[in-house]
Structures are given as C-alpha cells and as structure tokens.
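This is data_5.txt. It holds compact mmCIF, C-alpha atoms.
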```txt
# COMPACT_ATOMS: atom_id res chain seq x y z
CA MET F 1 139.98 106.97 126.65
CA PRO F 2 141.88 108.25 129.71
CA ASP F 3 141.66 111.84 130.87
CA SER F 4 144.33 113.89 129.10
CA PRO F 5 144.93 117.47 127.98
CA ALA F 6 142.35 118.22 125.31
CA ILE F 7 141.47 120.98 122.91
CA PRO F 8 139.54 123.64 124.85
CA LEU F 9 135.98 124.59 124.02
CA ILE F 10 135.50 127.84 122.13
CA THR F 11 133.02 129.91 124.12
CA GLN F 12 133.90 133.51 123.23
CA THR F 13 132.91 135.36 120.07
CA ASP F 14 136.34 136.89 119.47
CA THR F 15 137.99 133.47 119.70
CA LEU F 16 135.43 132.01 117.33
CA LEU F 17 135.96 134.78 114.77
CA ARG F 18 139.77 134.35 114.87
CA THR F 19 139.38 130.60 114.47
CA ILE F 20 137.01 130.92 111.53
CA GLU F 21 139.38 133.33 109.81
CA ASN F 22 142.09 130.67 109.92
CA TRP F 23 139.86 128.23 108.03
CA SER F 24 139.80 130.25 104.83
CA GLN F 25 142.83 128.53 103.28
CA ALA F 26 141.72 124.99 104.08
CA PRO F 27 140.65 122.98 101.00
CA PHE F 28 137.86 121.32 102.98
CA LEU F 29 136.26 121.26 106.42
CA ALA F 30 135.68 118.02 108.31
CA VAL F 31 132.57 118.54 110.45
CA ASP F 32 130.67 116.70 113.16
CA THR F 33 128.12 117.68 115.79
CA GLU F 34 127.15 116.52 119.25
CA PHE F 35 123.62 117.02 120.51
CA VAL F 36 121.04 115.76 122.97
CA ARG F 37 117.42 114.86 122.32
CA VAL F 38 116.00 113.24 125.43
CA ASP F 39 113.10 115.43 126.47
CA THR F 40 112.64 117.59 123.36
CA TYR F 41 111.18 117.27 119.87
CA TYR F 42 114.01 119.24 118.29
CA ALA F 43 117.58 118.19 118.96
CA ARG F 44 119.56 120.56 121.14
CA LEU F 45 122.86 121.32 119.44
CA CYS F 46 125.67 121.28 122.02
CA LEU F 47 128.92 121.10 120.09
CA ILE F 48 130.23 121.58 116.56
CA GLN F 49 133.62 120.09 115.78
CA VAL F 50 135.61 121.25 112.77
CA GLN F 51 138.96 120.15 111.39
CA ALA F 52 140.39 122.69 108.94
CA GLY F 53 143.90 121.92 107.76
CA GLU F 54 145.93 121.38 110.91
CA THR F 55 143.44 123.25 113.11
CA THR F 56 140.92 121.43 115.30
CA ALA F 57 138.09 123.51 116.75
CA LEU F 58 135.46 122.54 119.29
CA ILE F 59 132.72 125.17 119.38
CA ASP F 60 130.44 125.23 122.40
CA THR F 61 127.18 126.11 120.69
CA THR F 62 125.40 126.48 124.05
CA ALA F 63 127.59 129.53 124.78
CA PHE F 64 126.42 131.58 121.78
CA ASP F 65 123.15 133.39 121.18
CA ASP F 66 124.10 133.90 117.54
CA LEU F 67 125.90 131.25 115.49
CA SER F 68 125.68 133.21 112.24
CA PRO F 69 129.45 133.70 111.75
CA LEU F 70 130.03 129.96 112.10
CA LEU F 71 127.06 129.01 109.93
CA ASP F 72 128.14 131.47 107.23
CA VAL F 73 131.38 129.51 106.85
CA LEU F 74 129.74 126.09 107.01
CA TYR F 75 127.28 127.14 104.30
CA ALA F 76 129.87 128.80 102.03
CA PRO F 77 129.74 127.13 98.60
CA ASP F 78 133.48 127.24 97.90
CA GLN F 79 134.58 124.70 100.54
CA ILE F 80 133.71 121.01 100.70
CA LYS F 81 132.18 119.93 103.99
CA VAL F 82 133.10 116.36 104.96
CA PHE F 83 130.72 114.44 107.22
CA HIS F 84 130.12 110.79 108.03
CA ALA F 85 126.47 109.65 107.80
CA PRO F 86 125.26 113.22 108.40
CA GLY F 87 121.51 112.67 108.49
CA GLN F 88 121.10 113.88 112.06
CA ASP F 89 123.66 116.66 111.61
CA LEU F 90 121.82 117.93 108.55
CA GLU F 91 118.49 117.75 110.34
CA ILE F 92 119.84 120.05 113.04
CA LEU F 93 121.56 122.46 110.64
CA SER F 94 118.59 122.62 108.28
CA HIS F 95 116.39 123.55 111.23
CA LEU F 96 118.71 126.50 111.90
CA ARG F 97 118.89 127.77 108.31
CA LYS F 98 116.18 125.96 106.35
CA ALA F 99 118.96 124.61 104.13
CA CYS F 100 121.90 122.19 104.30
CA PRO F 101 125.62 122.94 103.92
CA GLN F 102 126.90 122.28 100.42
CA PRO F 103 128.94 120.95 98.71
CA LEU F 104 128.98 117.91 100.96
CA PHE F 105 131.05 114.72 100.99
CA ASP F 106 129.59 111.84 102.99
CA THR F 107 132.32 109.33 103.85
CA GLN F 108 129.72 106.63 104.54
CA ILE F 109 128.38 106.87 100.98
CA ALA F 110 131.96 107.00 99.71
CA ALA F 111 132.78 103.80 101.61
CA THR F 112 129.74 102.06 100.13
CA LEU F 113 130.66 103.12 96.60
CA LEU F 114 134.16 101.74 97.18
CA GLY F 115 132.89 98.33 98.22
CA PHE F 116 133.35 98.59 101.99
CA GLY F 117 129.76 97.50 102.72
CA ASP F 118 126.45 99.20 103.32
CA GLN F 119 126.10 101.85 106.06
CA LEU F 120 129.55 101.25 107.51
CA GLY F 121 129.84 103.04 110.85
CA TYR F 122 132.45 105.69 111.53
CA ALA F 123 134.46 103.52 113.92
CA GLY F 124 134.47 100.65 111.45
CA LEU F 125 135.63 102.90 108.62
CA ILE F 126 138.44 104.43 110.69
CA GLU F 127 139.63 100.99 111.76
CA ARG F 128 139.56 99.77 108.18
CA ARG F 129 141.31 102.80 106.68
CA LEU F 130 143.69 103.84 109.47
CA GLY F 131 144.02 100.74 111.64
CA ILE F 132 142.85 102.77 114.63
CA THR F 133 140.32 101.28 117.06
CA LEU F 134 138.18 104.08 118.46
CA ASP F 135 136.93 104.00 122.01
CA LYS F 136 133.16 104.49 121.69
CA SER F 137 132.49 104.25 125.43
CA LEU F 138 131.79 107.99 125.53
CA SER F 139 129.21 107.95 122.75
CA ARG F 140 126.39 108.35 125.29
CA THR F 141 127.92 111.41 126.93
CA ASP F 142 125.48 114.11 128.04
CA TRP F 143 126.84 116.77 125.70
CA ALA F 144 124.69 119.46 127.30
CA ARG F 145 126.50 119.06 130.63
CA ARG F 146 129.18 121.58 131.48
CA PRO F 147 132.03 121.34 132.07
CA LEU F 148 132.89 118.50 129.72
CA ARG F 149 135.76 116.31 130.83
CA PRO F 150 139.06 116.32 128.89
CA ALA F 151 138.41 112.75 127.75
CA GLU F 152 135.06 113.82 126.30
CA LEU F 153 136.61 116.75 124.46
CA ALA F 154 139.34 114.49 123.09
CA TYR F 155 136.70 112.01 121.96
CA ALA F 156 134.78 114.76 120.16
CA ALA F 157 137.93 116.09 118.52
CA ALA F 158 139.00 112.64 117.30
CA ASP F 159 135.85 112.37 115.21
CA VAL F 160 136.89 115.21 112.90
CA ILE F 161 140.63 114.65 113.12
CA HIS F 162 140.33 111.14 111.68
CA LEU F 163 137.59 112.23 109.28
CA ALA F 164 140.00 114.73 107.76
CA GLU F 165 142.69 112.03 107.54
CA ILE F 166 140.60 109.59 105.49
CA TYR F 167 138.85 112.06 103.19
CA PRO F 168 141.62 112.68 100.60
CA ALA F 169 142.22 108.97 100.01
CA LEU F 170 138.50 108.27 99.68
CA GLN F 171 138.12 111.09 97.19
CA ASP F 172 141.07 109.86 95.13
CA ALA F 173 139.77 106.30 95.12
CA LEU F 174 136.36 107.44 93.91
CA ALA F 175 137.97 109.53 91.20
CA GLU F 176 139.98 106.52 90.04
CA ARG F 177 136.79 104.47 89.71
CA GLY F 178 134.86 107.26 88.04
CA ARG F 179 132.34 107.48 90.87
CA LEU F 180 132.77 111.00 92.20
CA ALA F 181 129.71 112.12 90.25
CA TRP F 182 127.71 109.27 91.82
CA LEU F 183 128.69 110.44 95.27
CA ALA F 184 127.94 114.09 94.43
CA GLU F 185 124.45 113.09 93.27
CA ASP F 186 123.69 111.11 96.43
CA CYS F 187 125.07 113.89 98.64
CA ALA F 188 122.96 116.50 96.84
CA ARG F 189 119.91 114.35 97.58
CA LEU F 190 120.92 114.28 101.26
CA CYS F 191 120.97 118.07 101.25
CA ASP F 192 117.30 118.50 100.40
CA PRO F 193 116.00 120.21 103.56
CA ASP F 194 112.43 119.02 102.95
CA GLN F 195 113.34 115.50 104.05
CA TYR F 196 114.27 116.78 107.51
CA VAL F 197 110.87 118.41 108.12
CA THR F 198 107.89 116.38 109.27
CA ARG F 199 104.72 118.22 108.34
CA PRO F 200 101.84 117.34 110.66
CA ASP F 201 99.64 116.25 107.73
CA ASP F 202 102.30 113.69 106.75
CA ALA F 203 102.84 112.36 110.28
CA TRP F 204 100.70 109.27 109.63
CA GLN F 205 103.61 107.90 107.61
CA ARG F 206 105.49 107.37 110.88
CA LEU F 207 102.81 104.95 112.12
CA LYS F 208 104.40 101.62 111.28
CA GLY F 209 101.28 99.66 112.19
CA ILE F 210 98.68 101.72 110.35
CA ALA F 211 98.30 99.17 107.53
CA ARG F 212 96.72 96.66 109.92
CA LEU F 213 93.82 99.03 110.59
CA ASN F 214 90.70 99.27 108.44
CA ALA F 215 89.85 102.42 106.46
CA ARG F 216 87.80 104.09 109.23
CA GLU F 217 90.45 103.32 111.84
CA GLN F 218 93.20 104.60 109.55
CA THR F 219 91.31 107.85 109.04
CA VAL F 220 91.11 108.42 112.79
CA ALA F 221 94.72 107.30 113.37
CA ALA F 222 95.97 109.74 110.72
CA ALA F 223 94.06 112.60 112.38
CA LEU F 224 95.53 111.68 115.75
CA ALA F 225 99.05 111.56 114.27
CA THR F 226 98.56 115.01 112.72
CA TRP F 227 97.41 116.44 116.04
CA ARG F 228 100.27 114.76 117.95
CA GLU F 229 102.91 116.10 115.55
CA ALA F 230 101.65 119.66 115.81
CA GLU F 231 101.43 119.40 119.60
CA ALA F 232 104.96 117.94 119.86
CA GLN F 233 106.40 120.65 117.65
CA GLN F 234 104.63 123.46 119.47
CA ARG F 235 105.62 122.19 122.92
CA ASN F 236 109.04 120.91 121.79
CA ARG F 237 108.46 117.56 123.44
CA PRO F 238 109.01 114.02 122.11
CA ARG F 239 106.05 112.53 120.24
CA LYS F 240 105.72 109.63 122.63
CA TRP F 241 105.45 112.08 125.54
CA ILE F 242 102.28 113.43 123.92
CA VAL F 243 100.68 110.13 122.87
CA ASP F 244 102.43 106.83 122.16
CA ASP F 245 101.90 105.02 118.85
CA ASP F 246 100.17 102.11 120.58
CA VAL F 247 97.72 104.53 122.17
CA ILE F 248 96.91 105.99 118.75
CA TYR F 249 96.03 102.51 117.48
CA ILE F 250 93.83 101.82 120.52
CA LEU F 251 91.99 105.14 120.19
CA ALA F 252 91.50 104.65 116.45
CA GLN F 253 90.03 101.21 116.98
CA ARG F 254 87.90 101.91 120.05
CA ARG F 255 86.99 105.55 119.29
CA PRO F 256 85.75 106.61 122.75
CA GLN F 257 83.02 109.25 122.70
CA THR F 258 83.29 110.52 126.29
CA LEU F 259 86.02 111.22 128.82
CA ALA F 260 84.69 108.35 130.92
CA GLN F 261 85.06 105.94 128.01
CA LEU F 262 88.54 107.27 127.30
CA GLU F 263 89.57 106.83 130.93
CA ALA F 264 88.13 103.30 131.00
CA LEU F 265 90.57 102.28 128.25
CA ASN F 266 93.49 102.79 130.67
CA ALA F 267 95.55 103.82 127.65
CA LEU F 268 96.72 107.25 128.84
CA PRO F 269 98.67 108.18 131.97
CA PRO F 270 96.62 110.37 134.35
CA LYS F 271 98.54 113.55 133.47
CA SER F 272 98.06 112.99 129.74
CA LEU F 273 94.40 112.23 130.27
CA ALA F 274 93.94 115.46 132.18
CA ARG F 275 95.93 117.52 129.67
CA HIS F 276 94.67 116.06 126.39
CA GLY F 277 91.48 114.13 127.17
CA GLU F 278 88.92 116.66 125.95
CA ALA F 279 90.94 117.51 122.84
CA LEU F 280 91.25 113.83 121.97
CA ILE F 281 87.51 113.17 122.35
CA GLU F 282 86.74 116.14 120.12
CA LEU F 283 89.33 115.07 117.57
CA ILE F 284 88.13 111.46 117.47
CA ALA F 285 84.53 112.62 116.94
CA HIS F 286 85.58 114.91 114.10
CA ALA F 287 87.75 112.26 112.41
CA SER F 288 85.03 109.64 112.78
CA ALA F 289 82.72 111.83 110.71
CA LEU F 290 85.22 112.31 107.86
CA PRO F 291 85.03 110.26 104.66
CA GLU F 292 86.99 107.04 105.13
CA ARG F 293 90.44 106.92 103.61
CA LEU F 294 92.74 103.93 103.32
CA TYR F 295 96.18 105.45 103.83
CA GLN F 296 98.18 102.25 103.51
CA ARG F 297 97.49 98.69 102.40
CA GLU F 298 99.05 95.54 103.77
CA ASP F 299 98.71 93.69 100.49
CA GLU F 300 100.82 90.62 99.84
CA PRO F 301 102.05 90.35 96.25
CA ASP F 302 100.31 87.67 94.22
CA ALA F 303 102.16 84.82 92.50
CA THR F 304 102.83 86.82 89.34
CA GLN F 305 104.12 89.79 91.30
CA LYS F 306 106.33 87.57 93.46
CA ALA F 307 107.87 86.04 90.35
CA LEU F 308 108.57 89.48 88.88
CA LEU F 309 109.99 90.70 92.18
CA LYS F 310 112.35 87.74 92.33
CA HIS F 311 113.46 88.41 88.75
CA LEU F 312 114.15 92.08 89.51
CA GLN F 313 116.05 91.20 92.67
CA GLY F 314 118.22 88.82 90.68
CA ALA F 315 118.98 91.49 88.10
CA VAL F 316 119.89 94.01 90.82
CA GLN F 317 122.12 91.50 92.59
CA GLN F 318 123.99 90.82 89.36
CA VAL F 319 124.65 94.50 88.70
CA ALA F 320 125.56 95.08 92.35
CA ALA F 321 128.09 92.25 92.25
CA GLU F 322 129.70 93.72 89.13
CA LEU F 323 129.90 97.15 90.76
CA GLU F 324 130.96 95.69 94.14
CA VAL F 325 128.24 97.56 96.03
CA PRO F 326 125.34 96.21 98.13
CA ALA F 327 122.20 95.39 96.16
CA SER F 328 120.10 97.34 98.68
CA PHE F 329 122.20 100.43 97.95
CA LEU F 330 121.19 100.24 94.30
CA ALA F 331 117.56 99.32 94.79
CA PRO F 332 116.01 98.40 98.15
CA ARG F 333 113.14 95.94 98.17
CA ALA F 334 110.62 98.75 98.63
CA ASP F 335 111.78 100.30 95.35
CA LEU F 336 111.41 97.01 93.55
CA MET F 337 107.90 96.46 94.96
CA ARG F 338 106.91 99.89 93.65
CA LEU F 339 108.18 98.83 90.23
CA VAL F 340 106.22 95.59 90.44
CA ARG F 341 103.00 97.39 91.36
CA LEU F 342 103.29 100.66 89.45
CA GLY F 343 105.68 99.93 86.61
CA THR F 344 107.13 102.95 84.83
CA GLU F 345 105.04 105.28 87.04
CA ALA F 346 106.83 104.13 90.20
CA ASP F 347 108.54 106.75 92.34
CA ALA F 348 111.74 104.81 92.94
CA GLY F 349 115.31 105.96 93.44
CA VAL F 350 116.60 103.30 91.07
CA LEU F 351 114.82 105.09 88.22
CA SER F 352 116.77 108.34 88.58
CA GLY F 353 120.33 109.54 88.14
CA TRP F 354 123.26 107.19 88.02
CA ARG F 355 121.21 104.29 89.39
CA ARG F 356 118.93 104.49 86.36
CA GLU F 357 121.94 104.37 84.07
CA VAL F 358 123.58 101.34 85.65
CA CYS F 359 120.49 99.42 86.69
CA GLY F 360 117.11 101.14 86.35
CA THR F 361 116.86 101.02 82.57
CA GLN F 362 117.50 97.29 82.64
CA LEU F 363 114.80 96.81 85.25
CA LEU F 364 112.28 98.78 83.21
CA ALA F 365 112.96 96.54 80.24
CA SER F 366 111.99 93.54 82.39
CA LEU F 367 108.54 94.86 83.26
```
As structure tokens, the full file:
Amino acid sequence: MPDSPAIPLITQTDTLLRTIENWSQAPFLAVDTEFVRVDTYYARLCLIQVQAGETTALIDTTAFDDLSPLLDVLYAPDQIKVFHAPGQDLEILSHLRKACPQPLFDTQIAATLLGFGDQLGYAGLIERRLGITLDKSLSRTDWARRPLRPAELAYAAADVIHLAEIYPALQDALAERGRLAWLAEDCARLCDPDQYVTRPDDAWQRLKGIARLNAREQTVAAALATWREAEAQQRNRPRKWIVDDDVIYILAQRRPQTLAQLEALNALPPKSLARHGEALIELIAHASALPERLYQREDEPDATQKALLKHLQGAVQQVAAELEVPASFLAPRADLMRLVRLGTEADAGVLSGWRREVCGTQLLASL
C-alpha cells in the first residue's frame, strides 16, 4: 500500500468526545484493534479503529490515560459491534472492563454459517465478498511506534471500512437462512470474559506435553506452571521469558534438589537461574511431597471406542453437509471423544444450544 493521505490519529480528548457524539445515530459500529505483545504478558493496546456510518475513526489509545468515554460507547447495549474473529480484541477489552462489548456480530462466524468455510480470514472474506485484494504486508507493523506512517494508518482504517461494507449483506443472508439466532448464540459465548482469563491454578492446561509425564511428574509440572503464570502476570512478562515449557518438563522429570543440581541440568539461562533458582528448588521440593495427581491421560481409544467415534464422525459429517458448514464447526473431534468416553455426562459444545438441536440429540441417540 503506497504512502497516501490517511485519516489522522485521534489523540485529544475533545476530538474524541466530538467523534463519539457523532456515532450515536449509527445502526452499528465496525470495530478492530491493533496491539503489540512482544515483551509483555498482557497485550498493549495501541489503536482502536471504528467505522460508524460514514465516519472512520482511528483512536490512539497510547495518548489517553482514561479511555472510559470510548469504552462506554463500545459497551453500550443498544448498538451492534461488528468484529472479525475478535478473540484477541475481546481479550484486551475484557482485561480493561472485566466484560466484553455486546451485542456482538462476528463476521468470521457469519461466514462459516453461510458456507464460506471454517475460520476464513479477514482478507479472504473481503476478497470473496467485495472482490478487493487487501495488502497484508503491513500486518506486522509495530503499532506502538509513533508516528505511524500514512500507509499504516490507511491499512488500519481499511479493516473497519470494509468490515462495515460487508456486515449488512452477511446479516441479511443469515436472516434469510434462519441462522441469526445461531450466530447470536455463538457470539454470546465469545463474550464470556472468563475464557480470556488464565488463572494460575489452571495454567497446567497450557502444557501440551503434560500427558506424556507420569503422575508424580505431572504434579510437579502443574505446580511449576501455576508458579510461572503468577510470576508472568505479576511481572507482565511473557511466560516463556520466565520458564519455557520444555524446561518445566525437564524439571518435573529430573526434580533437582539443590541449586548445583539445577545448574548442572543446563536448562535455564544464567539470568533465570540467578533470579528464580532458589524459588524453583523450593517449589519442586514442595510439589514432590504432594499427593500424586494425574492431570491428563494420553489414552488411545480401544477398538469399541474407535468404532463409535467413527460412527459419530459420520453422523456429524452428514448433518454438516446438509447445513453446508464444516463438520468441525458443529462438533470437533475432541467433543466427539468426550461423548465416546463420558456419554451423556460429556461437557461438549455439540450438546448445547442450536448444535444440540441440529446434531447433538442425534449423537446422543447413537451412544
């Protein structure tokens, strides 16, 4: 995207208040954010883009100590907020207000419900709906840097300009197919702020390799993950800057009892060893004395379970084909494995809401 005159950043409170006042008559707000998260645990919000009617606003969030006037509008319940795949946006906003903006319309979910494919990216959706090929070469811009170049501002503005263009047609198409309620249900689920908070005691769930450890090792690994999460949150530093996942596995398996043993593992950089060594030795000793707990199993389904899984997958694929949506959107494999193992007691998305109506009840009858 060549340098060209672009919409200026809003950096003054009076300008922001005048801009917000002009949004009141807009039937919906198209919203996007730009942020950086390189050396921090929490994302640093740098820019909020809003398209309201014919007005495009780029708000420099780094210029304001108090974003309350803007957030009040974004959280107002009488205006639809249109986002595309807003998981990271909602994580940032929920951190600011412990809640998510509602009502929300996710154009990625809308596209999936309309048969455009699963998790279609924004650029792909815009090309498909508007025939416009977006230049994504600026997607790795350092949005915390000031001043931003005109091309970068134009790039940021385009995200909400085109979002506002495609929203009405997507909404109408969903209404024609009777699927607006499906989208509203999925968007309400996205707006649960709890899913954007990682509590230290639940941090073990982020350890993708924990199932390969035995019960004692898992107990120690879970304690290390809890400590790391709390440390990362307190210091606002990335988890891997505190202790990498691979190091957690090594410490859980080897369980050093002294600083010398810890150093001999060559698992920690010298600075991390100096900063955290004593705390890690104390933590490992404490966790090693706890009752063993197997947090996660790496069990392969037996022949009977495999046969049932295959049957359920076939049933989901048939329904998905009739609805013209991806099978994984209805019921991912993990959901089906929970059904195979736990039956009617399974905590699976396919057993709630509209998915239960179109597919879940049928699956339960097959168990």
For this session: Identify, on the basis of all atoms listed in the file, every residue whose closest approach to Glu127 (chain F) does not exceed 12 Å; exclude the query and any residue fewer than 5 positions from it along the same chain; express the result as a VMD selection string.
Result: chain F and resid 116 120 to 122 132 to 135 162 to 163 166
May I have the residues within 8 Å of region 50-58 of chain F as a tab-separated table (two decimals) with C-alpha atoms, in the frame of the given file, using only C-alpha atoms and disregarding those fewer than 5 positions away in the same chain?
```tsv
chain	number	residue	atom	x	y	z
F	7	ILE	CA	141.47	120.98	122.91
F	8	PRO	CA	139.54	123.64	124.85
F	9	LEU	CA	135.98	124.59	124.02
F	10	ILE	CA	135.50	127.84	122.13
F	19	THR	CA	139.38	130.60	114.47
F	23	TRP	CA	139.86	128.23	108.03
F	26	ALA	CA	141.72	124.99	104.08
F	27	PRO	CA	140.65	122.98	101.00
F	28	PHE	CA	137.86	121.32	102.98
F	29	LEU	CA	136.26	121.26	106.42
F	30	ALA	CA	135.68	118.02	108.31
F	31	VAL	CA	132.57	118.54	110.45
F	32	ASP	CA	130.67	116.70	113.16
F	153	LEU	CA	136.61	116.75	124.46
F	156	ALA	CA	134.78	114.76	120.16
F	157	ALA	CA	137.93	116.09	118.52
F	160	VAL	CA	136.89	115.21	112.90
F	161	ILE	CA	140.63	114.65	113.12
F	164	ALA	CA	140.00	114.73	107.76
```
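For the set F:Leu265, F:Leu130, F:Ala321, F:Ile242, the residue with the smallest atom-to-atom gap to Tyr41 (chain F) is F:Ile242, counting all atoms listed in the file.
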Exercise. Near region 326-341 of chain F, within 6 Å and counting all atoms listed in the file, which residues show up once chain neighbours fewer than 3 positions away are dropped, as JSON, numbers by chain?
Worked result: {"F": [316, 317, 320, 346, 348, 350]}
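Between CA of Ala285 (chain F) and CA of Leu207 (chain F) the interatomic distance comes to 20.4 Å.
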Exercise. Which one of F:Ala43, F:Glu152, F:Thr141, F:Pro269 sits closest to Gln233 (chain F) if you count only C-alpha atoms?
Worked result: F:Ala43
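Of the listed residues (F:Ala260, F:Leu364, F:His276, F:Ala175), F:Leu364 comes nearest to His311 (chain F); the distances count all atoms listed in the file.
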Problem set entry | Nearest residue to Leu16 (chain F) from the set F:Ser68, F:Asp245, F:Glu34, F:Gly117 (distances using only C-alpha atoms) | F:Ser68
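Note that the spacing between CA of Arg145 (chain F) and CA of Asp39 (chain F) amounts to 14.5 Å.
Atom to atom, CA of Asp106 (chain F) and CA of His84 (chain F) stand 5.2 Å apart.
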Identify, on the basis of all atoms listed in the file, every residue whose closest approach to Arg275 (chain F) does not exceed 12 Å; exclude the query and any residue fewer than 6 positions from it along the same chain; express the result as a PDB file with C-alpha atoms, in the frame of the given file.
```pdb
ATOM      1  CA  GLU F 231     101.430 119.400 119.600  1.00  0.00           C
ATOM      2  CA  TRP F 241     105.450 112.080 125.540  1.00  0.00           C
ATOM      3  CA  ILE F 242     102.280 113.430 123.920  1.00  0.00           C
ATOM      4  CA  VAL F 243     100.680 110.130 122.870  1.00  0.00           C
ATOM      5  CA  LEU F 259      86.020 111.220 128.820  1.00  0.00           C
ATOM      6  CA  LEU F 268      96.720 107.250 128.840  1.00  0.00           C
ATOM      7  CA  PRO F 269      98.670 108.180 131.970  1.00  0.00           C
ATOM      8  CA  ILE F 281      87.510 113.170 122.350  1.00  0.00           C
TER       9      ILE F 281
END
```
For this session: Would you list the contacts of Ala252 (chain F) as a VMD selection string, taking every protein, DNA or RNA residue within 10 Å and counting all atoms listed in the file, but skipping same-chain residues closer than 5 positions in sequence?
Result: chain F and resid 210 213 to 214 216 to 224 246 to 247 284 287 to 288
Selected residues written out with C-alpha atoms, as a PDB file, in the frame of the given file:
```pdb
ATOM      1  CA  ILE F 210      98.680 101.720 110.350  1.00  0.00           C
ATOM      2  CA  LEU F 213      93.820  99.030 110.590  1.00  0.00           C
ATOM      3  CA  ASN F 214      90.700  99.270 108.440  1.00  0.00           C
ATOM      4  CA  ARG F 216      87.800 104.090 109.230  1.00  0.00           C
ATOM      5  CA  GLU F 217      90.450 103.320 111.840  1.00  0.00           C
ATOM      6  CA  GLN F 218      93.200 104.600 109.550  1.00  0.00           C
ATOM      7  CA  THR F 219      91.310 107.850 109.040  1.00  0.00           C
ATOM      8  CA  VAL F 220      91.110 108.420 112.790  1.00  0.00           C
ATOM      9  CA  ALA F 221      94.720 107.300 113.370  1.00  0.00           C
ATOM     10  CA  ALA F 222      95.970 109.740 110.720  1.00  0.00           C
ATOM     11  CA  ALA F 223      94.060 112.600 112.380  1.00  0.00           C
ATOM     12  CA  LEU F 224      95.530 111.680 115.750  1.00  0.00           C
ATOM     13  CA  ASP F 246     100.170 102.110 120.580  1.00  0.00           C
ATOM     14  CA  VAL F 247      97.720 104.530 122.170  1.00  0.00           C
ATOM     15  CA  ILE F 284      88.130 111.460 117.470  1.00  0.00           C
ATOM     16  CA  ALA F 287      87.750 112.260 112.410  1.00  0.00           C
ATOM     17  CA  SER F 288      85.030 109.640 112.780  1.00  0.00           C
TER      18      SER F 288
END
```
